[in-house]
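Below is the file target_38.cif, which contains mmCIF, C-alpha atoms and all ligand atoms.
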```cif
data_query
#
loop_
_atom_site.label_atom_id
_atom_site.label_comp_id
_atom_site.auth_asym_id
_atom_site.auth_seq_id
_atom_site.Cartn_x
_atom_site.Cartn_y
_atom_site.Cartn_z
CA MET A 1 -11.04 -9.48 -5.03
CA LEU A 2 -9.04 -7.19 -7.31
CA GLU A 3 -8.77 -7.95 -11.01
CA ILE A 4 -6.71 -5.74 -13.31
CA ARG A 5 -6.68 -6.39 -17.03
CA GLY A 6 -5.12 -4.56 -19.96
CA LEU A 7 -4.19 -1.58 -17.80
CA SER A 8 -2.33 1.21 -19.54
CA ALA A 9 -1.58 4.50 -17.83
CA SER A 10 0.18 7.72 -18.73
CA TYR A 11 0.60 11.24 -17.46
CA GLY A 12 0.07 12.72 -20.92
CA GLY A 13 3.32 11.44 -22.47
CA PRO A 14 4.27 7.85 -23.29
CA ASN A 15 2.55 5.05 -21.41
CA VAL A 16 4.05 4.38 -17.98
CA LEU A 17 2.06 1.13 -17.67
CA GLU A 18 1.30 -1.05 -20.67
CA ASP A 19 -1.22 -3.90 -20.75
CA VAL A 20 -0.80 -4.82 -17.09
CA ALA A 21 -2.75 -7.78 -15.67
CA LEU A 22 -2.71 -8.48 -11.94
CA ASP A 23 -4.96 -10.17 -9.37
CA VAL A 24 -5.27 -10.06 -5.62
CA ALA A 25 -7.40 -12.77 -4.02
CA ARG A 26 -9.18 -12.28 -0.72
CA GLY A 27 -6.73 -12.84 2.14
CA GLU A 28 -3.63 -12.59 -0.02
CA THR A 29 -0.54 -10.45 0.27
CA VAL A 30 0.76 -9.72 -3.22
CA ALA A 31 4.08 -8.00 -3.87
CA VAL A 32 5.00 -5.90 -6.89
CA LEU A 33 8.75 -5.69 -7.41
CA GLY A 34 10.50 -3.36 -9.77
CA ALA A 35 13.34 -0.90 -10.13
CA ASN A 36 12.97 2.88 -10.03
CA THR A 37 10.49 4.21 -12.60
CA ALA A 38 9.12 0.73 -13.41
CA GLY A 39 5.65 2.12 -12.77
CA LYS A 40 4.89 0.67 -9.32
CA THR A 41 3.53 3.87 -7.81
CA THR A 42 1.52 4.54 -10.97
CA LEU A 43 -0.09 1.12 -10.60
CA LEU A 44 -1.29 1.88 -7.07
CA ARG A 45 -2.35 5.39 -8.04
CA SER A 46 -4.38 3.99 -10.94
CA ILE A 47 -6.29 1.73 -8.53
CA SER A 48 -6.99 4.71 -6.27
CA GLY A 49 -8.30 6.88 -9.11
CA LEU A 50 -5.31 9.22 -9.06
CA VAL A 51 -4.14 8.77 -12.67
CA ALA A 52 -6.43 10.52 -15.12
CA LYS A 53 -5.17 8.70 -18.21
CA ALA A 54 -5.67 5.10 -17.13
CA ARG A 55 -7.30 2.68 -19.59
CA GLY A 56 -8.29 -0.97 -19.37
CA SER A 57 -10.14 -2.51 -16.49
CA ILE A 58 -9.73 -2.49 -12.73
CA VAL A 59 -12.49 -4.35 -10.89
CA PHE A 60 -12.67 -4.53 -7.10
CA GLU A 61 -15.27 -6.86 -5.61
CA GLY A 62 -17.36 -6.55 -8.75
CA GLU A 63 -17.15 -2.73 -8.91
CA SER A 64 -15.34 -1.10 -11.80
CA LEU A 65 -12.87 1.47 -10.47
CA LEU A 66 -11.63 3.27 -13.59
CA GLY A 67 -13.39 6.58 -14.03
CA ARG A 68 -14.39 6.85 -10.38
CA LEU A 69 -13.39 9.93 -8.43
CA ALA A 70 -10.48 9.25 -6.08
CA HIS A 71 -12.34 10.35 -2.95
CA THR A 72 -15.00 7.67 -3.52
CA ILE A 73 -12.51 4.78 -3.55
CA PRO A 74 -11.76 4.39 0.21
CA ALA A 75 -15.46 3.83 0.96
CA LEU A 76 -15.34 0.75 -1.30
CA GLY A 77 -12.80 -0.75 1.10
CA ILE A 78 -9.43 0.27 -0.34
CA GLY A 79 -6.85 1.97 1.89
CA HIS A 80 -3.84 3.62 0.24
CA VAL A 81 -0.58 4.17 2.13
CA PRO A 82 1.27 6.52 -0.22
CA GLU A 83 4.95 6.62 -1.03
CA GLY A 84 6.58 9.17 1.27
CA ARG A 85 3.95 8.68 4.01
CA HIS A 86 2.31 12.12 3.66
CA VAL A 87 1.29 12.51 7.27
CA PHE A 88 -0.21 15.82 8.35
CA PRO A 89 2.86 17.26 10.14
CA ARG A 90 1.10 19.77 12.37
CA MET A 91 -1.53 17.35 13.56
CA SER A 92 -1.21 14.86 16.42
CA THR A 93 -1.04 11.11 15.93
CA THR A 94 -4.67 10.78 16.99
CA ASP A 95 -5.86 13.51 14.63
CA ASN A 96 -3.89 11.99 11.75
CA LEU A 97 -5.53 8.64 12.46
CA MET A 98 -8.97 10.25 12.60
CA MET A 99 -8.41 11.68 9.12
CA GLY A 100 -8.36 8.09 7.88
CA ALA A 101 -11.92 7.67 9.10
CA TYR A 102 -13.06 11.00 7.68
CA GLY A 103 -15.56 9.34 5.36
CA ASP A 104 -17.40 7.65 8.22
CA ARG A 105 -16.57 9.76 11.23
CA ARG A 106 -19.98 9.11 12.74
CA SER A 107 -19.27 5.41 12.91
CA ARG A 108 -19.62 3.99 16.43
CA ASP A 109 -16.54 1.81 16.25
CA LEU A 110 -13.90 4.51 15.78
CA ALA A 111 -12.48 3.94 19.28
CA ALA A 112 -12.20 0.22 18.55
CA ARG A 113 -10.47 0.96 15.24
CA MET A 114 -8.00 3.23 16.99
CA ASP A 115 -7.35 0.60 19.67
CA ARG A 116 -6.57 -1.85 16.88
CA VAL A 117 -3.99 0.58 15.44
CA PHE A 118 -2.44 1.13 18.87
CA ALA A 119 -2.31 -2.64 19.48
CA LEU A 120 -0.45 -3.02 16.18
CA PHE A 121 1.86 -0.06 16.85
CA PRO A 122 2.26 0.45 20.62
CA ARG A 123 4.76 3.20 19.84
CA LEU A 124 1.92 5.30 18.45
CA ALA A 125 -0.10 4.81 21.63
CA GLU A 126 2.81 6.34 23.57
CA ARG A 127 2.85 9.26 21.14
CA ARG A 128 -0.89 9.96 20.79
CA THR A 129 -0.52 13.71 21.27
CA GLN A 130 2.81 14.21 19.50
CA MET A 131 2.77 16.20 16.26
CA ALA A 132 3.35 13.76 13.39
CA GLY A 133 5.93 16.11 11.81
CA SER A 134 8.22 15.66 14.81
CA MET A 135 8.21 11.87 14.62
CA SER A 136 10.86 9.58 13.14
CA GLY A 137 10.47 8.22 9.61
CA GLY A 138 9.46 4.82 10.97
CA GLU A 139 6.88 6.32 13.30
CA GLN A 140 5.47 8.42 10.48
CA GLN A 141 5.16 5.25 8.39
CA MET A 142 3.21 3.68 11.25
CA VAL A 143 0.92 6.73 11.35
CA SER A 144 0.39 6.47 7.60
CA ILE A 145 -0.46 2.74 7.80
CA GLY A 146 -2.64 3.35 10.86
CA ARG A 147 -4.49 6.15 9.06
CA ALA A 148 -5.34 3.78 6.20
CA LEU A 149 -6.49 1.12 8.69
CA MET A 150 -8.90 3.62 10.27
CA GLY A 151 -10.94 3.44 7.07
CA ASN A 152 -11.51 -0.27 7.76
CA PRO A 153 -10.09 -1.42 4.41
CA LYS A 154 -10.55 -4.85 2.89
CA LEU A 155 -7.51 -4.20 0.69
CA MET A 156 -4.46 -2.12 1.62
CA LEU A 157 -2.20 -0.61 -1.02
CA LEU A 158 1.26 -0.08 0.47
CA ASP A 159 3.77 1.99 -1.50
CA GLU A 160 7.40 1.38 -0.47
CA PRO A 161 6.76 1.28 3.29
CA SER A 162 10.39 0.39 4.03
CA HIS A 163 11.90 3.22 1.99
CA GLY A 164 14.66 5.06 3.85
CA LEU A 165 14.11 3.28 7.16
CA ALA A 166 16.61 1.53 9.45
CA PRO A 167 16.64 -2.29 9.25
CA ILE A 168 15.21 -2.69 12.76
CA VAL A 169 12.20 -0.51 11.91
CA VAL A 170 11.77 -2.34 8.61
CA GLU A 171 11.49 -5.60 10.56
CA GLU A 172 8.84 -4.07 12.80
CA LEU A 173 6.83 -2.89 9.80
CA HIS A 174 7.24 -6.23 8.14
CA ALA A 175 5.73 -7.93 11.21
CA ALA A 176 2.90 -5.39 11.22
CA ILE A 177 2.08 -6.07 7.55
CA GLY A 178 1.92 -9.80 8.35
CA ALA A 179 -0.37 -9.10 11.31
CA ILE A 180 -2.66 -6.86 9.24
CA ASN A 181 -2.99 -9.62 6.65
CA LYS A 182 -3.72 -12.20 9.37
CA GLN A 183 -6.55 -9.95 10.55
CA GLY A 184 -8.17 -10.56 7.16
CA VAL A 185 -6.98 -7.53 5.19
CA SER A 186 -5.60 -8.27 1.71
CA VAL A 187 -2.40 -6.41 0.87
CA LEU A 188 -0.90 -5.16 -2.39
CA LEU A 189 2.67 -4.21 -1.52
CA VAL A 190 4.96 -2.27 -3.81
CA GLU A 191 8.61 -2.49 -2.84
CA GLN A 192 12.13 -2.04 -4.10
CA ASN A 193 13.15 -4.06 -1.05
CA ALA A 194 12.46 -7.44 -2.66
CA VAL A 195 13.78 -9.42 0.29
CA LEU A 196 11.20 -7.82 2.55
CA ALA A 197 8.41 -8.02 0.00
CA LEU A 198 8.88 -11.69 -0.84
CA SER A 199 9.21 -12.65 2.80
CA VAL A 200 5.71 -11.35 3.60
CA ALA A 201 3.95 -12.00 0.27
CA HIS A 202 2.13 -15.08 -0.95
CA ARG A 203 2.62 -14.15 -4.61
CA GLY A 204 4.43 -11.51 -6.57
CA TYR A 205 4.77 -9.71 -9.89
CA VAL A 206 7.86 -8.16 -11.42
CA LEU A 207 7.29 -4.91 -13.25
CA GLU A 208 9.87 -3.64 -15.74
CA ALA A 209 9.38 -0.45 -17.74
CA GLY A 210 5.62 -0.63 -17.27
CA HIS A 211 5.23 -4.30 -18.24
CA VAL A 212 4.65 -7.35 -16.04
CA VAL A 213 7.59 -9.55 -17.03
CA LEU A 214 7.21 -12.28 -14.42
CA SER A 215 4.72 -13.48 -11.82
CA GLY A 216 4.48 -16.42 -9.48
CA SER A 217 4.45 -17.59 -5.90
CA ALA A 218 6.83 -15.79 -3.54
CA GLN A 219 8.82 -19.00 -3.30
CA ASP A 220 9.16 -19.33 -7.07
CA LEU A 221 10.22 -15.71 -7.40
CA GLN A 222 12.77 -16.09 -4.60
CA ALA A 223 14.25 -19.04 -6.51
CA ASP A 224 14.19 -17.37 -9.94
CA PRO A 225 17.77 -16.65 -11.12
CA GLY A 226 16.78 -13.34 -12.80
CA VAL A 227 14.99 -12.11 -9.67
CA ARG A 228 17.86 -13.23 -7.47
CA ARG A 229 20.38 -11.36 -9.62
CA ALA A 230 18.35 -8.18 -10.16
CA TYR A 231 16.44 -7.79 -6.92
CA LEU A 232 17.89 -10.01 -4.21
CA GLY A 233 21.55 -9.22 -4.76
CA VAL A 234 22.62 -12.88 -4.83
P1 LIG B 1 9.98 4.78 -7.80
O1 LIG B 1 10.36 3.55 -7.06
O2 LIG B 1 11.16 5.59 -8.22
O3 LIG B 1 8.90 5.56 -7.16
P2 LIG B 1 8.02 3.59 -9.57
O4 LIG B 1 8.23 2.23 -10.08
O5 LIG B 1 7.06 3.76 -8.44
O6 LIG B 1 9.42 4.24 -9.23
P3 LIG B 1 6.47 5.60 -10.93
O7 LIG B 1 6.58 6.57 -9.79
O8 LIG B 1 5.16 4.96 -11.17
O9 LIG B 1 7.58 4.47 -10.80
O10 LIG B 1 6.96 6.36 -12.24
C1 LIG B 1 6.96 5.73 -13.51
C2 LIG B 1 7.26 6.77 -14.59
O11 LIG B 1 6.19 7.72 -14.63
C3 LIG B 1 8.52 7.57 -14.36
O12 LIG B 1 9.21 7.68 -15.57
C4 LIG B 1 8.04 8.91 -13.86
O13 LIG B 1 8.91 9.96 -14.25
C5 LIG B 1 6.69 9.04 -14.51
N1 LIG B 1 5.76 9.83 -13.67
C6 LIG B 1 5.36 9.52 -12.42
N2 LIG B 1 4.52 10.44 -11.92
C7 LIG B 1 4.40 11.38 -12.90
C8 LIG B 1 3.66 12.61 -13.01
N3 LIG B 1 2.87 13.04 -12.02
N4 LIG B 1 3.79 13.32 -14.16
C9 LIG B 1 4.58 12.88 -15.18
N5 LIG B 1 5.28 11.73 -15.14
C10 LIG B 1 5.20 10.99 -14.01
#
```
Starting from the file, lay out its structure as structure tokens.
Ligand code: ATP
Amino acid sequence: MLEIRGLSASYGGPNVLEDVALDVARGETVAVLGANTAGKTTLLRSISGLVAKARGSIVFEGESLLGRLAHTIPALGIGHVPEGRHVFPRMSTTDNLMMGAYGDRRSRDLAARMDRVFALFPRLAERRTQMAGSMSGGEQQMVSIGRALMGNPKLMLLDEPSHGLAPIVVEELHAAIGAINKQGVSVLLVEQNAVLALSVAHRGYVLEAGHVVLSGSAQDLQADPGVRRAYLGV
């Protein structure tokens, strides 16, 4: 579904990503692990057309993505849940969700899409009219994921969804990511929380200083001594 080859990216200075290769098959959840500044966010931003100096090839369902304008990417079926959530603070839950369907707001199934989000996150249904800025971090993360789902993505890019959240909320999000994948949406999940990432992912990649240094099944990565030492704290 997604095939990345020879991807290099920079913000004008040295390359932040160097010769990265990564695949996501239809129906898969793929995790990208890495420490701070490894380049995880840059990888997702490159897919979404948000890094001007990205070179190599990124192909999604046969369409080449590099060089496309960022606002044209969601319509191809890619939903991006950014690091830091970026909800619209002075807009209600419902209005935030509707922004995720901005590209096809005339679509007849918007109510059904919203029902699907509320089924996944009942807490949002209770807070339909609440301003997103007054919600907890976990609730804002749900709004951000729900907003991406409103675009009916085939592939979701999730950037550190567990960052800064209490363990109980992290578990809830973890279950939601599993449910989204079971509904047929492929997931590319970037996480510093390797325990969470490898428990929901089928496969994973380890990114260090912009290079993929290891890849394999989630089970193999969980068993790898280097991964266990560096990312699983065991
Ligand atoms: P974190 O978990 O801390 O977000 P990350 O693995 O997601 O880390 P990136 O955010 O991709 O890493 O950053 C990789 C490198 O690129 C860092 O050295 C960072 O300073 C640099 N970088 C990121 N965004 C920009 C930008 N807009 N302009 C210049 N440099 C940037």
Go through chain A residue by residue and, counting all atoms listed in the file, keep those with an atom at most 10 Å from ligand LIG 1 (chain B); for each kept residue give the shortest atom pair and its distance in Å to one decimal, ordered by chain and increasing number, as a tab-separated table.
```
residue	atom	partner	partner_atom	distance
A:Ala9	CA	B:LIG1	O11	9.0
A:Ser10	CA	B:LIG1	O11	7.3
A:Tyr11	CA	B:LIG1	C9	4.9
A:Gly12	CA	B:LIG1	C9	7.3
A:Gly13	CA	B:LIG1	C9	7.5
A:Pro14	CA	B:LIG1	O11	8.9
A:Asn15	CA	B:LIG1	O11	8.1
A:Val16	CA	B:LIG1	O11	5.2
A:Leu17	CA	B:LIG1	C1	7.9
A:Val32	CA	B:LIG1	O4	9.3
A:Leu33	CA	B:LIG1	O4	8.4
A:Gly34	CA	B:LIG1	O4	6.0
A:Ala35	CA	B:LIG1	O4	6.0
A:Asn36	CA	B:LIG1	O2	3.7
A:Thr37	CA	B:LIG1	O9	3.4
A:Ala38	CA	B:LIG1	O4	3.8
A:Gly39	CA	B:LIG1	O8	3.3
A:Lys40	CA	B:LIG1	O4	3.8
A:Thr41	CA	B:LIG1	O5	3.6
A:Thr42	CA	B:LIG1	O8	3.7
A:Leu43	CA	B:LIG1	O8	6.5
A:Leu44	CA	B:LIG1	O8	8.2
A:Arg45	CA	B:LIG1	O8	8.1
A:Ser46	CA	B:LIG1	O8	9.6
A:Leu50	CA	B:LIG1	N3	9.5
A:Val51	CA	B:LIG1	N3	8.2
A:Glu83	CA	B:LIG1	O3	7.4
A:Gly84	CA	B:LIG1	O3	9.5
A:Asp159	CA	B:LIG1	O5	7.9
A:Glu160	CA	B:LIG1	O1	7.5
A:His163	CA	B:LIG1	O1	9.2
A:Val190	CA	B:LIG1	O5	7.9
A:Glu191	CA	B:LIG1	O1	7.6
A:Gln192	CA	B:LIG1	O1	6.6
A:Leu207	CA	B:LIG1	O4	7.9
A:Glu208	CA	B:LIG1	O4	8.3
A:Ala209	CA	B:LIG1	C1	7.9
A:Gly210	CA	B:LIG1	C1	7.5
```
Report, in Å with one decimal, the straight-line distance from atom CA of Ser217 of chain A to atom CA of Ile177 of chain A. 17.9 Å
For segment 137-193 of chain A versus segment 20-24 of chain A, which residues have an atom no more than 8 Å away, and what is each residue's nearest atom pair and distance in Å rounded to one decimal, using all atoms listed in the file, chain-then-number order, as CSV?
```
residue,atom,partner,partner_atom,distance
A:Ser186,CA,A:Val24,CA,7.6
A:Val187,CA,A:Val24,CA,8.0
A:Leu188,CA,A:Val24,CA,7.3
```
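The environment of segment 53-68 of chain A within 8 Å, counting all atoms listed in the file and disregarding residues fewer than 2 places along the same chain, consists of Met1, Leu2, Glu3, Ile4, Arg5, Gly6, Leu7, Ser8, Ala9, Ser10, Tyr11, Gly12, Asp19, Ser46, Ile47, Ser48, Gly49, Val51, Ala70, Thr72 and Ile73 of chain A.
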Min atom-atom distance to Leu173 of chain A from the set A:Leu76, A:Leu97, A:Met142, A:Met156, counting only C-alpha atoms, belongs to A:Met142
Pull all heavy atoms for segment 122-136 of chain A from the block and write them as a PDB file, in the first residue's frame.
```pdb
ATOM      1  N   PRO A 122     -16.715   6.909  22.995  1.00  0.00           N
ATOM      2  CA  PRO A 122     -17.981   7.367  23.579  1.00  0.00           C
ATOM      3  C   PRO A 122     -17.810   8.657  24.382  1.00  0.00           C
ATOM      4  O   PRO A 122     -18.743   9.461  24.479  1.00  0.00           O
ATOM      5  CB  PRO A 122     -18.387   6.207  24.494  1.00  0.00           C
ATOM      6  CG  PRO A 122     -17.655   5.015  23.967  1.00  0.00           C
ATOM      7  CD  PRO A 122     -16.390   5.523  23.356  1.00  0.00           C
ATOM      8  N   ARG A 123     -16.612   8.874  24.910  1.00  0.00           N
ATOM      9  CA  ARG A 123     -16.365  10.092  25.682  1.00  0.00           C
ATOM     10  C   ARG A 123     -16.547  11.352  24.838  1.00  0.00           C
ATOM     11  O   ARG A 123     -16.921  12.411  25.320  1.00  0.00           O
ATOM     12  CB  ARG A 123     -14.953  10.055  26.253  1.00  0.00           C
ATOM     13  CG  ARG A 123     -15.068  10.281  27.723  1.00  0.00           C
ATOM     14  CD  ARG A 123     -13.974  10.122  28.618  1.00  0.00           C
ATOM     15  NE  ARG A 123     -12.902   9.231  28.387  1.00  0.00           N
ATOM     16  CZ  ARG A 123     -11.686   9.518  28.828  1.00  0.00           C
ATOM     17  NH1 ARG A 123     -11.463  10.681  29.420  1.00  0.00           N
ATOM     18  NH2 ARG A 123     -10.726   8.654  28.690  1.00  0.00           N
ATOM     19  N   LEU A 124     -16.262  11.231  23.551  1.00  0.00           N
ATOM     20  CA  LEU A 124     -16.463  12.389  22.660  1.00  0.00           C
ATOM     21  C   LEU A 124     -17.947  12.633  22.414  1.00  0.00           C
ATOM     22  O   LEU A 124     -18.373  13.780  22.272  1.00  0.00           O
ATOM     23  CB  LEU A 124     -15.736  12.184  21.325  1.00  0.00           C
ATOM     24  CG  LEU A 124     -14.210  12.101  21.370  1.00  0.00           C
ATOM     25  CD1 LEU A 124     -13.656  12.083  19.953  1.00  0.00           C
ATOM     26  CD2 LEU A 124     -13.607  13.243  22.176  1.00  0.00           C
ATOM     27  N   ALA A 125     -18.711  11.552  22.371  1.00  0.00           N
ATOM     28  CA  ALA A 125     -20.165  11.710  22.158  1.00  0.00           C
ATOM     29  C   ALA A 125     -20.766  12.500  23.319  1.00  0.00           C
ATOM     30  O   ALA A 125     -21.644  13.351  23.127  1.00  0.00           O
ATOM     31  CB  ALA A 125     -20.821  10.338  22.036  1.00  0.00           C
ATOM     32  N   GLU A 126     -20.252  12.248  24.533  1.00  0.00           N
ATOM     33  CA  GLU A 126     -20.761  12.982  25.712  1.00  0.00           C
ATOM     34  C   GLU A 126     -20.336  14.437  25.682  1.00  0.00           C
ATOM     35  O   GLU A 126     -20.873  15.261  26.406  1.00  0.00           O
ATOM     36  CB  GLU A 126     -20.181  12.355  26.994  1.00  0.00           C
ATOM     37  CG  GLU A 126     -20.681  10.964  27.298  1.00  0.00           C
ATOM     38  CD  GLU A 126     -19.760  10.264  28.298  1.00  0.00           C
ATOM     39  OE1 GLU A 126     -18.888  10.935  28.914  1.00  0.00           O
ATOM     40  OE2 GLU A 126     -19.896   9.034  28.442  1.00  0.00           O
ATOM     41  N   ARG A 127     -19.293  14.735  24.895  1.00  0.00           N
ATOM     42  CA  ARG A 127     -18.728  16.087  24.902  1.00  0.00           C
ATOM     43  C   ARG A 127     -18.826  16.734  23.517  1.00  0.00           C
ATOM     44  O   ARG A 127     -17.949  17.503  23.124  1.00  0.00           O
ATOM     45  CB  ARG A 127     -17.255  16.023  25.329  1.00  0.00           C
ATOM     46  CG  ARG A 127     -17.086  15.651  26.778  1.00  0.00           C
ATOM     47  CD  ARG A 127     -15.650  15.346  27.134  1.00  0.00           C
ATOM     48  NE  ARG A 127     -15.463  15.215  28.569  1.00  0.00           N
ATOM     49  CZ  ARG A 127     -15.869  14.159  29.273  1.00  0.00           C
ATOM     50  NH1 ARG A 127     -16.467  13.148  28.692  1.00  0.00           N
ATOM     51  NH2 ARG A 127     -15.686  14.120  30.585  1.00  0.00           N
ATOM     52  N   ARG A 128     -19.906  16.436  22.803  1.00  0.00           N
ATOM     53  CA  ARG A 128     -20.056  16.934  21.424  1.00  0.00           C
ATOM     54  C   ARG A 128     -19.932  18.440  21.326  1.00  0.00           C
ATOM     55  O   ARG A 128     -19.397  18.968  20.357  1.00  0.00           O
ATOM     56  CB  ARG A 128     -21.460  16.632  20.898  1.00  0.00           C
ATOM     57  CG  ARG A 128     -21.723  15.235  20.553  1.00  0.00           C
ATOM     58  CD  ARG A 128     -23.221  15.025  20.408  1.00  0.00           C
ATOM     59  NE  ARG A 128     -23.501  13.629  20.668  1.00  0.00           N
ATOM     60  CZ  ARG A 128     -23.754  12.733  19.724  1.00  0.00           C
ATOM     61  NH1 ARG A 128     -23.848  13.112  18.473  1.00  0.00           N
ATOM     62  NH2 ARG A 128     -23.953  11.483  20.032  1.00  0.00           N
ATOM     63  N   THR A 129     -20.490  19.154  22.326  1.00  0.00           N
ATOM     64  CA  THR A 129     -20.560  20.613  22.200  1.00  0.00           C
ATOM     65  C   THR A 129     -19.444  21.316  22.967  1.00  0.00           C
ATOM     66  O   THR A 129     -19.333  22.527  22.912  1.00  0.00           O
ATOM     67  CB  THR A 129     -21.915  21.124  22.736  1.00  0.00           C
ATOM     68  OG1 THR A 129     -22.052  20.668  24.086  1.00  0.00           O
ATOM     69  CG2 THR A 129     -23.074  20.606  21.892  1.00  0.00           C
ATOM     70  N   GLN A 130     -18.620  20.533  23.678  1.00  0.00           N
ATOM     71  CA  GLN A 130     -17.559  21.150  24.485  1.00  0.00           C
ATOM     72  C   GLN A 130     -16.437  21.678  23.584  1.00  0.00           C
ATOM     73  O   GLN A 130     -16.068  21.039  22.592  1.00  0.00           O
ATOM     74  CB  GLN A 130     -16.999  20.092  25.451  1.00  0.00           C
ATOM     75  CG  GLN A 130     -16.022  20.659  26.474  1.00  0.00           C
ATOM     76  CD  GLN A 130     -15.620  19.610  27.513  1.00  0.00           C
ATOM     77  OE1 GLN A 130     -16.363  18.653  27.769  1.00  0.00           O
ATOM     78  NE2 GLN A 130     -14.451  19.785  28.096  1.00  0.00           N
ATOM     79  N   MET A 131     -15.904  22.849  23.940  1.00  0.00           N
ATOM     80  CA  MET A 131     -14.776  23.400  23.189  1.00  0.00           C
ATOM     81  C   MET A 131     -13.576  22.469  23.361  1.00  0.00           C
ATOM     82  O   MET A 131     -13.252  22.060  24.486  1.00  0.00           O
ATOM     83  CB  MET A 131     -14.370  24.791  23.706  1.00  0.00           C
ATOM     84  CG  MET A 131     -15.416  25.867  23.521  1.00  0.00           C
ATOM     85  SD  MET A 131     -15.755  26.215  21.799  1.00  0.00           S
ATOM     86  CE  MET A 131     -17.509  25.885  21.750  1.00  0.00           C
ATOM     87  N   ALA A 132     -12.905  22.153  22.267  1.00  0.00           N
ATOM     88  CA  ALA A 132     -11.801  21.182  22.335  1.00  0.00           C
ATOM     89  C   ALA A 132     -10.680  21.676  23.244  1.00  0.00           C
ATOM     90  O   ALA A 132     -10.021  20.882  23.915  1.00  0.00           O
ATOM     91  CB  ALA A 132     -11.272  20.898  20.936  1.00  0.00           C
ATOM     92  N   GLY A 133     -10.489  23.013  23.310  1.00  0.00           N
ATOM     93  CA  GLY A 133      -9.412  23.566  24.138  1.00  0.00           C
ATOM     94  C   GLY A 133      -9.602  23.323  25.616  1.00  0.00           C
ATOM     95  O   GLY A 133      -8.645  23.388  26.384  1.00  0.00           O
ATOM     96  N   SER A 134     -10.845  23.020  26.030  1.00  0.00           N
ATOM     97  CA  SER A 134     -11.099  22.798  27.457  1.00  0.00           C
ATOM     98  C   SER A 134     -11.071  21.310  27.807  1.00  0.00           C
ATOM     99  O   SER A 134     -11.382  20.924  28.921  1.00  0.00           O
ATOM    100  CB  SER A 134     -12.460  23.398  27.847  1.00  0.00           C
ATOM    101  OG  SER A 134     -13.494  22.657  27.221  1.00  0.00           O
ATOM    102  N   MET A 135     -10.694  20.487  26.872  1.00  0.00           N
ATOM    103  CA  MET A 135     -10.701  19.043  27.125  1.00  0.00           C
ATOM    104  C   MET A 135      -9.340  18.566  27.628  1.00  0.00           C
ATOM    105  O   MET A 135      -8.326  19.243  27.443  1.00  0.00           O
ATOM    106  CB  MET A 135     -11.079  18.305  25.837  1.00  0.00           C
ATOM    107  CG  MET A 135     -12.487  18.638  25.410  1.00  0.00           C
ATOM    108  SD  MET A 135     -12.831  18.042  23.777  1.00  0.00           S
ATOM    109  CE  MET A 135     -13.747  16.603  24.158  1.00  0.00           C
ATOM    110  N   SER A 136      -9.341  17.380  28.239  1.00  0.00           N
ATOM    111  CA  SER A 136      -8.088  16.802  28.739  1.00  0.00           C
ATOM    112  C   SER A 136      -7.199  16.407  27.554  1.00  0.00           C
ATOM    113  O   SER A 136      -7.675  16.302  26.406  1.00  0.00           O
ATOM    114  CB  SER A 136      -8.388  15.568  29.589  1.00  0.00           C
ATOM    115  OG  SER A 136      -8.782  14.502  28.739  1.00  0.00           O
TER     116      SER A 136
END
```
